[in-house]
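Content type mmCIF, C-alpha atoms, from the file protein.cif:
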data_entry
#
loop_
_atom_site.group_PDB
_atom_site.id
_atom_site.type_symbol
_atom_site.label_atom_id
_atom_site.label_comp_id
_atom_site.auth_asym_id
_atom_site.auth_seq_id
_atom_site.Cartn_x
_atom_site.Cartn_y
_atom_site.Cartn_z
ATOM 1 C CA MET A 26 -27.690 21.968 -5.006
ATOM 2 C CA GLY A 27 -27.766 19.302 -7.751
ATOM 3 C CA MET A 28 -29.060 15.785 -7.291
ATOM 4 C CA GLU A 29 -26.436 13.359 -6.008
ATOM 5 C CA THR A 30 -25.729 10.537 -8.476
ATOM 6 C CA THR A 31 -26.529 7.118 -7.083
ATOM 7 C CA THR A 32 -26.016 3.599 -8.389
ATOM 8 C CA GLN A 33 -28.424 0.785 -7.741
ATOM 9 C CA PHE A 34 -27.201 -2.679 -6.789
ATOM 10 C CA SER A 35 -28.703 -5.666 -5.041
ATOM 11 C CA LEU A 36 -27.770 -7.160 -1.681
ATOM 12 C CA ARG A 37 -28.534 -10.583 -0.245
ATOM 13 C CA PHE A 38 -29.336 -10.841 3.453
ATOM 14 C CA GLN A 39 -30.741 -13.646 5.596
ATOM 15 C CA PRO A 40 -34.510 -13.175 6.298
ATOM 16 C CA ASP A 41 -33.837 -12.663 10.047
ATOM 17 C CA LEU A 42 -31.458 -9.818 9.337
ATOM 18 C CA ILE A 43 -33.900 -8.193 6.904
ATOM 19 C CA ARG A 44 -36.573 -8.313 9.594
ATOM 20 C CA GLN A 45 -34.183 -6.667 12.092
ATOM 21 C CA ILE A 46 -33.262 -3.995 9.520
ATOM 22 C CA ASP A 47 -36.928 -3.258 8.866
ATOM 23 C CA GLU A 48 -37.724 -3.073 12.593
ATOM 24 C CA GLU A 49 -34.835 -0.673 13.206
ATOM 25 C CA ALA A 50 -35.794 1.383 10.153
ATOM 26 C CA GLU A 51 -39.355 1.727 11.412
ATOM 27 C CA LYS A 52 -38.130 2.900 14.840
ATOM 28 C CA GLU A 53 -35.933 5.503 13.142
ATOM 29 C CA TYR A 54 -38.675 6.595 10.666
ATOM 30 C CA LYS A 55 -36.417 5.576 7.781
ATOM 31 C CA ASN A 56 -36.723 3.155 4.924
ATOM 32 C CA ARG A 57 -34.514 0.072 4.475
ATOM 33 C CA THR A 58 -32.130 1.794 2.064
ATOM 34 C CA GLU A 59 -31.661 4.837 4.280
ATOM 35 C CA LEU A 60 -30.919 2.699 7.326
ATOM 36 C CA ILE A 61 -28.353 0.499 5.534
ATOM 37 C CA LYS A 62 -26.697 3.573 3.959
ATOM 38 C CA GLU A 63 -26.471 5.287 7.348
ATOM 39 C CA ALA A 64 -25.012 2.159 8.965
ATOM 40 C CA VAL A 65 -22.345 1.808 6.270
ATOM 41 C CA VAL A 66 -21.386 5.500 6.479
ATOM 42 C CA HIS A 67 -21.199 5.211 10.289
ATOM 43 C CA PHE A 68 -19.007 2.109 10.011
ATOM 44 C CA ILE A 69 -16.605 3.831 7.578
ATOM 45 C CA ARG A 70 -16.388 7.026 9.697
ATOM 46 C CA GLU A 71 -15.692 5.019 12.854
ATOM 47 C CA LYS A 72 -12.981 3.025 11.076
ATOM 48 C CA GLU A 73 -11.419 6.257 9.781
ATOM 49 C CA GLU A 74 -11.366 7.699 13.306
ATOM 50 C CA LYS A 75 -9.650 4.590 14.681
ATOM 51 C CA GLU A 76 -7.104 4.682 11.820
ATOM 52 C CA LYS A 77 -6.388 8.360 12.534
ATOM 53 C CA LEU A 78 -5.756 7.611 16.201
ATOM 54 C CA LYS A 79 -3.434 4.718 15.306
ATOM 55 C CA GLN A 80 -1.498 6.925 12.882
ATOM 56 C CA VAL A 81 -1.037 9.707 15.440
ATOM 57 C CA ALA A 82 0.211 7.194 18.044
ATOM 58 C CA ALA A 83 2.593 5.608 15.528
ATOM 59 C CA GLU A 84 3.938 9.021 14.462
ATOM 60 C CA LEU A 85 4.548 10.043 18.068
ATOM 61 C CA TRP A 86 6.369 6.766 18.752
ATOM 62 C CA LEU A 87 8.523 7.198 15.627
ATOM 63 C CA LYS A 88 9.475 10.688 16.860
ATOM 64 C CA GLY A 89 10.374 9.214 20.256
ATOM 65 C CA GLU A 90 7.653 11.247 21.940
ATOM 66 C CA ILE A 91 5.748 8.329 23.451
ATOM 67 C CA SER A 92 6.860 4.995 24.902
ATOM 68 C CA GLU A 93 5.973 1.529 23.681
ATOM 69 C CA THR A 94 3.757 1.167 26.743
ATOM 70 C CA SER A 95 1.635 4.093 25.552
ATOM 71 C CA LEU A 96 1.638 2.690 22.015
ATOM 72 C CA LYS A 97 0.178 -0.569 23.342
ATOM 73 C CA LYS A 98 -2.929 1.313 24.454
ATOM 74 C CA VAL A 99 -3.772 2.038 20.801
ATOM 75 C CA LEU A 100 -2.126 -0.698 18.731
ATOM 76 C CA HIS A 101 -2.277 -4.447 19.177
ATOM 77 C CA GLU A 102 0.788 -6.688 19.242
ATOM 78 C CA GLU A 103 0.879 -7.519 15.519
ATOM 79 C CA GLU A 104 0.461 -3.854 14.577
ATOM 80 C CA ILE A 105 3.375 -2.913 16.834
ATOM 81 C CA LYS A 106 5.481 -5.635 15.184
ATOM 82 C CA ASP A 107 4.582 -4.191 11.744
ATOM 83 C CA LEU A 108 5.465 -0.676 12.859
ATOM 84 C CA LYS A 109 8.809 -1.739 14.348
ATOM 85 C CA PHE A 110 9.636 -3.773 11.249
ATOM 86 C CA GLY A 111 8.673 -0.836 9.000
ATOM 87 C CA LYS A 112 10.931 1.559 10.931
ATOM 88 C CA GLY A 113 13.905 -0.786 10.635
ATOM 89 C CA TRP A 114 13.084 -1.520 6.987
ATOM 90 C CA ILE A 115 13.103 2.173 6.059
ATOM 91 C CA GLU A 116 16.316 2.847 7.990
ATOM 92 C CA GLU A 117 17.992 -0.158 6.359
ATOM 93 C CA THR A 118 16.918 1.008 2.873
ATOM 94 C CA LEU A 119 18.308 4.498 3.462
ATOM 95 C CA HIS A 120 21.509 3.053 4.914
ATOM 96 C CA GLU A 121 21.912 0.986 1.733
ATOM 97 C CA ILE A 122 21.616 4.175 -0.355
ATOM 98 C CA ARG A 123 24.145 6.080 1.792
ATOM 99 C CA ARG A 124 26.802 3.343 1.348
ATOM 100 C CA MET B 26 18.844 -3.949 -12.615
ATOM 101 C CA LYS B 27 15.736 -6.113 -12.289
ATOM 102 C CA PHE B 28 12.924 -5.822 -9.742
ATOM 103 C CA ALA B 29 9.908 -8.019 -9.118
ATOM 104 C CA VAL B 30 7.105 -5.516 -8.494
ATOM 105 C CA ASP B 31 3.757 -5.939 -6.747
ATOM 106 C CA THR B 32 0.624 -3.959 -7.614
ATOM 107 C CA GLY B 33 0.960 -1.353 -4.865
ATOM 108 C CA ALA B 34 4.586 -0.616 -5.711
ATOM 109 C CA ALA B 35 3.793 -0.397 -9.435
ATOM 110 C CA LEU B 36 0.957 2.058 -8.733
ATOM 111 C CA SER B 37 3.226 4.119 -6.460
ATOM 112 C CA LEU B 38 5.988 4.301 -9.068
ATOM 113 C CA ALA B 39 3.476 5.229 -11.766
ATOM 114 C CA SER B 40 2.735 8.325 -9.661
ATOM 115 C CA SER B 41 6.331 9.485 -10.099
ATOM 116 C CA ALA B 42 7.106 12.196 -12.650
ATOM 117 C CA HIS B 43 10.042 9.952 -13.640
ATOM 118 C CA PHE B 44 8.134 6.737 -14.235
ATOM 119 C CA GLN B 45 9.200 6.583 -17.878
ATOM 120 C CA LYS B 46 12.839 7.053 -16.831
ATOM 121 C CA ILE B 47 12.455 4.286 -14.242
ATOM 122 C CA VAL B 48 11.039 1.906 -16.842
ATOM 123 C CA ASN B 49 13.849 2.800 -19.269
ATOM 124 C CA LEU B 50 16.597 2.238 -16.695
ATOM 125 C CA TYR B 51 15.260 -0.693 -14.690
ATOM 126 C CA ASP B 52 13.475 -3.878 -15.606
ATOM 127 C CA LEU B 53 10.243 -3.897 -13.599
ATOM 128 C CA ILE B 54 8.880 -7.429 -13.739
ATOM 129 C CA ILE B 55 5.299 -8.325 -12.916
ATOM 130 C CA THR B 56 3.589 -11.705 -12.652
ATOM 131 C CA GLU B 57 0.249 -12.917 -14.010
ATOM 132 C CA ALA B 58 -1.547 -12.262 -10.710
ATOM 133 C CA ILE B 59 -0.154 -8.720 -10.591
ATOM 134 C CA GLU B 60 -1.241 -8.092 -14.167
ATOM 135 C CA ALA B 61 -4.717 -9.370 -13.273
ATOM 136 C CA GLU B 62 -4.848 -6.987 -10.267
ATOM 137 C CA LEU B 63 -3.758 -4.075 -12.463
ATOM 138 C CA ILE B 64 -6.471 -4.934 -14.990
ATOM 139 C CA GLN B 65 -9.011 -4.838 -12.134
ATOM 140 C CA PHE B 66 -7.749 -1.386 -11.057
ATOM 141 C CA ALA B 67 -7.751 -0.186 -14.679
ATOM 142 C CA ALA B 68 -11.487 -0.852 -14.945
ATOM 143 C CA TYR B 69 -12.084 2.342 -12.925
ATOM 144 C CA ASN B 70 -11.405 5.860 -14.131
ATOM 145 C CA ASP B 71 -10.303 7.178 -10.734
ATOM 146 C CA ASP B 72 -6.699 8.131 -9.937
ATOM 147 C CA LEU B 73 -5.467 4.589 -9.274
ATOM 148 C CA GLY B 74 -7.408 3.281 -12.251
ATOM 149 C CA LEU B 75 -5.710 5.771 -14.568
ATOM 150 C CA LYS B 76 -2.292 4.853 -13.145
ATOM 151 C CA ALA B 77 -3.040 1.167 -13.705
ATOM 152 C CA GLN B 78 -4.034 1.920 -17.315
ATOM 153 C CA GLU B 79 -0.709 3.747 -17.769
ATOM 154 C CA ILE B 80 1.286 0.798 -16.341
ATOM 155 C CA LEU B 81 -0.507 -1.694 -18.580
ATOM 156 C CA LYS B 82 0.328 0.450 -21.636
ATOM 157 C CA MET B 83 4.018 0.279 -20.662
ATOM 158 C CA LYS B 84 4.049 -3.461 -21.330
ATOM 159 C CA LEU B 85 6.295 -4.381 -18.408
ATOM 160 C CA SER B 86 8.138 -7.730 -18.521
ATOM 161 C CA LYS B 87 6.059 -10.609 -17.202
ATOM 162 C CA LYS B 88 7.423 -13.747 -15.607
ATOM 163 C CA GLN B 89 6.075 -16.563 -13.428
ATOM 164 C CA PRO B 90 7.993 -18.244 -10.603
ATOM 165 C CA HIS B 91 8.473 -22.019 -10.972
ATOM 166 C CA HIS B 92 7.491 -22.658 -7.362
ATOM 167 C CA LEU B 93 5.440 -20.646 -4.905
ATOM 168 C CA LEU B 94 6.826 -19.931 -1.443
ATOM 169 C CA PRO B 95 4.444 -21.125 1.300
ATOM 170 C CA LEU B 96 3.450 -17.689 2.576
ATOM 171 C CA PHE B 97 0.136 -16.630 4.078
ATOM 172 C CA LEU B 98 -0.296 -13.658 1.735
ATOM 173 C CA GLU B 99 -2.304 -12.581 -1.316
ATOM 174 C CA LYS B 100 -1.596 -14.522 -4.532
ATOM 175 C CA GLY B 101 0.108 -11.558 -6.214
ATOM 176 C CA GLU B 102 2.524 -11.019 -3.339
ATOM 177 C CA ILE B 103 3.337 -14.730 -3.126
ATOM 178 C CA GLU B 104 4.161 -14.761 -6.851
ATOM 179 C CA VAL B 105 6.315 -11.613 -6.627
ATOM 180 C CA PHE B 106 8.286 -12.797 -3.584
ATOM 181 C CA SER B 107 8.691 -16.292 -5.060
ATOM 182 C CA LEU B 108 10.025 -14.812 -8.296
ATOM 183 C CA ALA B 109 12.414 -12.542 -6.382
ATOM 184 C CA TRP B 110 13.581 -15.563 -4.344
ATOM 185 C CA GLU B 111 14.167 -17.737 -7.416
ATOM 186 C CA GLU B 112 15.794 -15.092 -9.564
ATOM 187 C CA LYS B 113 17.784 -13.505 -6.692
ATOM 188 C CA MET B 114 16.404 -10.072 -7.524
ATOM 189 C CA PRO B 115 14.930 -7.477 -5.164
ATOM 190 C CA ALA B 116 11.164 -7.357 -4.760
ATOM 191 C CA LEU B 117 9.381 -4.001 -4.512
ATOM 192 C CA THR B 118 6.329 -3.667 -2.302
ATOM 193 C CA ASP B 119 4.724 -0.918 -0.230
ATOM 194 C CA ASP B 120 2.866 -3.480 1.861
ATOM 195 C CA VAL B 121 4.733 -3.378 5.175
ATOM 196 C CA ARG B 122 2.950 -6.436 6.585
ATOM 197 C CA ALA B 123 3.760 -8.507 3.472
ATOM 198 C CA ALA B 124 7.407 -7.385 3.594
ATOM 199 C CA ARG B 125 7.603 -8.427 7.244
ATOM 200 C CA VAL B 126 5.984 -11.817 6.593
ATOM 201 C CA VAL B 127 8.423 -12.737 3.823
ATOM 202 C CA ARG B 128 11.496 -11.349 5.591
ATOM 203 C CA GLU B 129 10.733 -13.350 8.739
ATOM 204 C CA LYS B 130 11.022 -16.578 6.747
ATOM 205 C CA TYR B 131 13.209 -15.973 3.713
ATOM 206 C CA SER B 132 16.295 -13.935 2.894
ATOM 207 C CA VAL B 133 14.592 -12.235 -0.057
ATOM 208 C CA GLU B 134 15.694 -8.641 -0.670
ATOM 209 C CA VAL B 135 12.488 -6.648 -0.224
ATOM 210 C CA ARG B 136 12.444 -2.885 -0.712
ATOM 211 C CA PRO B 137 9.776 -0.196 -0.578
ATOM 212 C CA SER B 138 8.935 1.287 -4.003
ATOM 213 C CA PHE B 139 10.768 4.557 -3.253
ATOM 214 C CA TYR B 140 14.063 2.615 -3.231
ATOM 215 C CA VAL B 141 14.063 2.963 -7.040
ATOM 216 C CA LEU B 142 13.809 6.749 -6.752
ATOM 217 C CA LEU B 143 16.639 6.740 -4.220
ATOM 218 C CA LEU B 144 18.717 4.784 -6.751
ATOM 219 C CA LEU B 145 17.940 7.389 -9.429
ATOM 220 C CA TYR B 146 19.144 10.079 -7.024
ATOM 221 C CA LYS B 147 22.231 8.109 -5.975
ATOM 222 C CA ASN B 148 23.148 7.585 -9.649
ATOM 223 C CA LYS B 149 22.646 11.310 -10.311
ATOM 224 C CA LYS B 150 19.726 10.747 -12.691
ATOM 225 C CA ILE B 151 17.510 13.098 -10.685
ATOM 226 C CA SER B 152 18.296 16.002 -8.336
ATOM 227 C CA LYS B 153 17.550 16.118 -4.618
ATOM 228 C CA GLU B 154 14.673 18.537 -5.307
ATOM 229 C CA GLU B 155 13.199 16.168 -7.903
ATOM 230 C CA LEU B 156 13.624 13.276 -5.474
ATOM 231 C CA ILE B 157 11.689 15.084 -2.737
ATOM 232 C CA ILE B 158 8.881 16.120 -5.111
ATOM 233 C CA ASP B 159 8.650 12.559 -6.426
ATOM 234 C CA ILE B 160 8.742 11.021 -2.972
ATOM 235 C CA ASN B 161 5.816 13.249 -1.982
ATOM 236 C CA SER B 162 3.789 12.049 -4.947
ATOM 237 C CA ILE B 163 4.619 8.345 -4.777
ATOM 238 C CA LEU B 164 4.323 7.717 -1.067
ATOM 239 C CA ILE B 165 0.628 7.039 -1.250
ATOM 240 C CA ARG B 166 -0.754 6.744 2.254
ATOM 241 C CA ARG B 167 -3.042 3.769 2.050
ATOM 242 C CA ASN B 168 -3.554 3.174 5.781
ATOM 243 C CA TRP B 169 -2.414 4.342 9.237
ATOM 244 C CA LEU B 170 0.786 2.301 9.009
ATOM 245 C CA THR B 171 2.052 3.634 5.687
ATOM 246 C CA GLY B 172 0.760 7.055 6.717
ATOM 247 C CA ALA B 173 3.093 7.065 9.733
ATOM 248 C CA LEU B 174 6.011 5.221 8.150
ATOM 249 C CA TRP B 175 6.105 7.154 4.880
ATOM 250 C CA GLY B 176 6.083 10.404 6.854
ATOM 251 C CA TYR B 177 9.060 9.062 8.819
ATOM 252 C CA ALA B 178 10.811 8.088 5.552
ATOM 253 C CA GLN B 179 10.184 11.531 4.047
ATOM 254 C CA ASN B 180 11.880 13.236 7.003
ATOM 255 C CA LEU B 181 14.913 10.954 6.756
ATOM 256 C CA ILE B 182 15.144 11.446 2.978
ATOM 257 C CA LYS B 183 15.185 15.254 3.376
ATOM 258 C CA ASN B 184 18.373 14.845 5.429
ATOM 259 C CA LEU B 185 20.131 12.563 2.929
#
Here is the file; what I need is its structure written in the form of structure tokens.
Amino acid sequence: MGMETTTQFSLRFQPDLIRQIDEEAEKEYKNRTELIKEAVVHFIREKEEKEKLKQVAAELWLKGEISETSLKKVLHEEEIKDLKFGKGWIEETLHEIRR
Amino acid sequence: MKFAVDTGAALSLASSAHFQKIVNLYDLIITEAIEAELIQFAAYNDDLGLKAQEILKMKLSKKQPHHLLPLFLEKGEIEVFSLAWEEKMPALTDDVRAARVVREKYSVEVRPSFYVLLLLYKNKKISKEELIIDINSILIRRNWLTGALWGYAQNLIKNL
């Protein structure tokens, strides 16, 4: 396997946070870079998982397979408003084309 | 027909196999903030960066609104919706939240980017098959919301 290309850049953290990072890194037998990289990857993966769950719930609601009550378990109020608006917006656009 | 276009909608339309035809038939108008966003995208050589480079080469019309609508949105979207409001032209955006925000306050005609492809189909400039292929390539799923909604739109479009 070839070496993965990496790019170096600098970050600015408060001294307290750097100390916490270093303490956590030591506990995990990692260096500062490895710990920060792992935390960022974990954050992105977790966000992707949440997004996937939201999308599945929205798709099921659009198909009429789940109720708004079930949707509320996954999406917050503003997100439900966006989804409802988007559904109406798409239907209105297609209606305009059919006229 | 004229359209005020935001960055997302411009990038979506640039993914269409009929982008040149769209630009020839319709006047896609961008603002300074949208041009600046496209320049930022064009700095990268990834897919969106290459699309942004293509759009910038097209030399779309550029116009600024005289007044900005008081909307809690990004600068580019505020400029596009303000221009659409002033010039009484439709605005194109694929940002569902932004479309909702402006439509709650103002009677601006706001359409998703694929509206232009639907117009091409309605005016017999492209076939149904071409429309479906194009729709698949332009409906870029940027988040969970567009992921779900564009899938919904695709199903409805198949039954047009």
Neighbours of chain A in chain B at 6 Å, counting only C-alpha atoms, as a VMD selection string: chain B and resid 122 169 173
Selection under test: the PyMOL selection byres ((chain B and resi 50) around 12); residues as a list in words: Met26, Lys27, Phe28, His43, Phe44, Gln45, Lys46, Ile47, Val48, Asn49, Tyr51, Asp52, Leu53, Val141, Leu142, Leu144, Leu145, Asn148 and Lys150 of chain B
Keeping C-alpha atoms for every residue in the selection just given, could you write it to a file as a PDB file, in the coordinates of the input?
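Okay, out.pdb is ready:
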ATOM      1  CA  MET B  26      18.844  -3.949 -12.615  1.00  0.00           C
ATOM      2  CA  LYS B  27      15.736  -6.113 -12.289  1.00  0.00           C
ATOM      3  CA  PHE B  28      12.924  -5.822  -9.742  1.00  0.00           C
ATOM      4  CA  HIS B  43      10.042   9.952 -13.640  1.00  0.00           C
ATOM      5  CA  PHE B  44       8.134   6.737 -14.235  1.00  0.00           C
ATOM      6  CA  GLN B  45       9.200   6.583 -17.878  1.00  0.00           C
ATOM      7  CA  LYS B  46      12.839   7.053 -16.831  1.00  0.00           C
ATOM      8  CA  ILE B  47      12.455   4.286 -14.242  1.00  0.00           C
ATOM      9  CA  VAL B  48      11.039   1.906 -16.842  1.00  0.00           C
ATOM     10  CA  ASN B  49      13.849   2.800 -19.269  1.00  0.00           C
ATOM     11  CA  TYR B  51      15.260  -0.693 -14.690  1.00  0.00           C
ATOM     12  CA  ASP B  52      13.475  -3.878 -15.606  1.00  0.00           C
ATOM     13  CA  LEU B  53      10.243  -3.897 -13.599  1.00  0.00           C
ATOM     14  CA  VAL B 141      14.063   2.963  -7.040  1.00  0.00           C
ATOM     15  CA  LEU B 142      13.809   6.749  -6.752  1.00  0.00           C
ATOM     16  CA  LEU B 144      18.717   4.784  -6.751  1.00  0.00           C
ATOM     17  CA  LEU B 145      17.940   7.389  -9.429  1.00  0.00           C
ATOM     18  CA  ASN B 148      23.148   7.585  -9.649  1.00  0.00           C
ATOM     19  CA  LYS B 150      19.726  10.747 -12.691  1.00  0.00           C
TER      20      LYS B 150
END
Coordinates-based distance that separates atom CA of B:Glu154 from atom CA of B:Lys183 (Å, one decimal): 9.3 Å
Selection near B:Asp72, 12 Å with only C-alpha atoms, sequence-local residues under 6 positions removed, as a PyMOL selection string: chain B and resi 36-37+39-40+66+78-79+165
Surrounding residues of B:Val127 excluding itself and chain neighbours under 4 positions, 10 Å, all atoms listed in the file, as a list of chain:residue names: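 Contacts, in chain order: B:Leu94, B:Pro95, B:Leu96, B:Phe97, B:Leu98, B:Glu102, B:Ile103, B:Phe106, B:Ser107, B:Arg122, B:Ala123, B:Tyr131, B:Ser132, B:Val133, B:Glu134, B:Val135.
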Please write stretch 75-88 of chain A of the preceding block to a file containing N, CA and C atoms, as a short mmCIF file (atom, residue, chain, number, x, y, z; two decimals), in the first residue's frame?
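This is the output file part_31.cif:
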data_model
loop_
_atom_site.label_atom_id
_atom_site.label_comp_id
_atom_site.auth_asym_id
_atom_site.auth_seq_id
_atom_site.Cartn_x
_atom_site.Cartn_y
_atom_site.Cartn_z
N LYS A 75 -26.06 10.38 11.78
CA LYS A 75 -27.27 11.12 12.16
C LYS A 75 -28.00 11.59 10.91
N GLU A 76 -27.22 12.09 9.92
CA GLU A 76 -27.80 12.57 8.66
C GLU A 76 -28.52 11.43 7.94
N LYS A 77 -27.90 10.24 7.96
CA LYS A 77 -28.48 9.08 7.28
C LYS A 77 -29.82 8.72 7.91
N LEU A 78 -29.85 8.76 9.24
CA LEU A 78 -31.09 8.44 9.97
C LEU A 78 -32.18 9.46 9.64
N LYS A 79 -31.80 10.74 9.60
CA LYS A 79 -32.76 11.80 9.27
C LYS A 79 -33.31 11.59 7.86
N GLN A 80 -32.42 11.25 6.93
CA GLN A 80 -32.85 11.06 5.53
C GLN A 80 -33.83 9.90 5.40
N VAL A 81 -33.53 8.80 6.09
CA VAL A 81 -34.41 7.62 6.03
C VAL A 81 -35.80 7.99 6.58
N ALA A 82 -35.81 8.70 7.72
CA ALA A 82 -37.09 9.10 8.33
C ALA A 82 -37.87 10.02 7.38
N ALA A 83 -37.17 10.97 6.79
CA ALA A 83 -37.82 11.91 5.86
C ALA A 83 -38.38 11.17 4.65
N GLU A 84 -37.61 10.22 4.12
CA GLU A 84 -38.07 9.45 2.95
C GLU A 84 -39.31 8.64 3.28
N LEU A 85 -39.30 8.03 4.46
CA LEU A 85 -40.47 7.23 4.87
C LEU A 85 -41.71 8.12 5.03
N TRP A 86 -41.51 9.31 5.59
CA TRP A 86 -42.63 10.24 5.76
C TRP A 86 -43.16 10.69 4.40
N LEU A 87 -42.25 10.98 3.47
CA LEU A 87 -42.67 11.42 2.13
C LEU A 87 -43.46 10.31 1.41
N LYS A 88 -43.13 9.06 1.71
CA LYS A 88 -43.85 7.93 1.09
C LYS A 88 -45.15 7.63 1.83
#
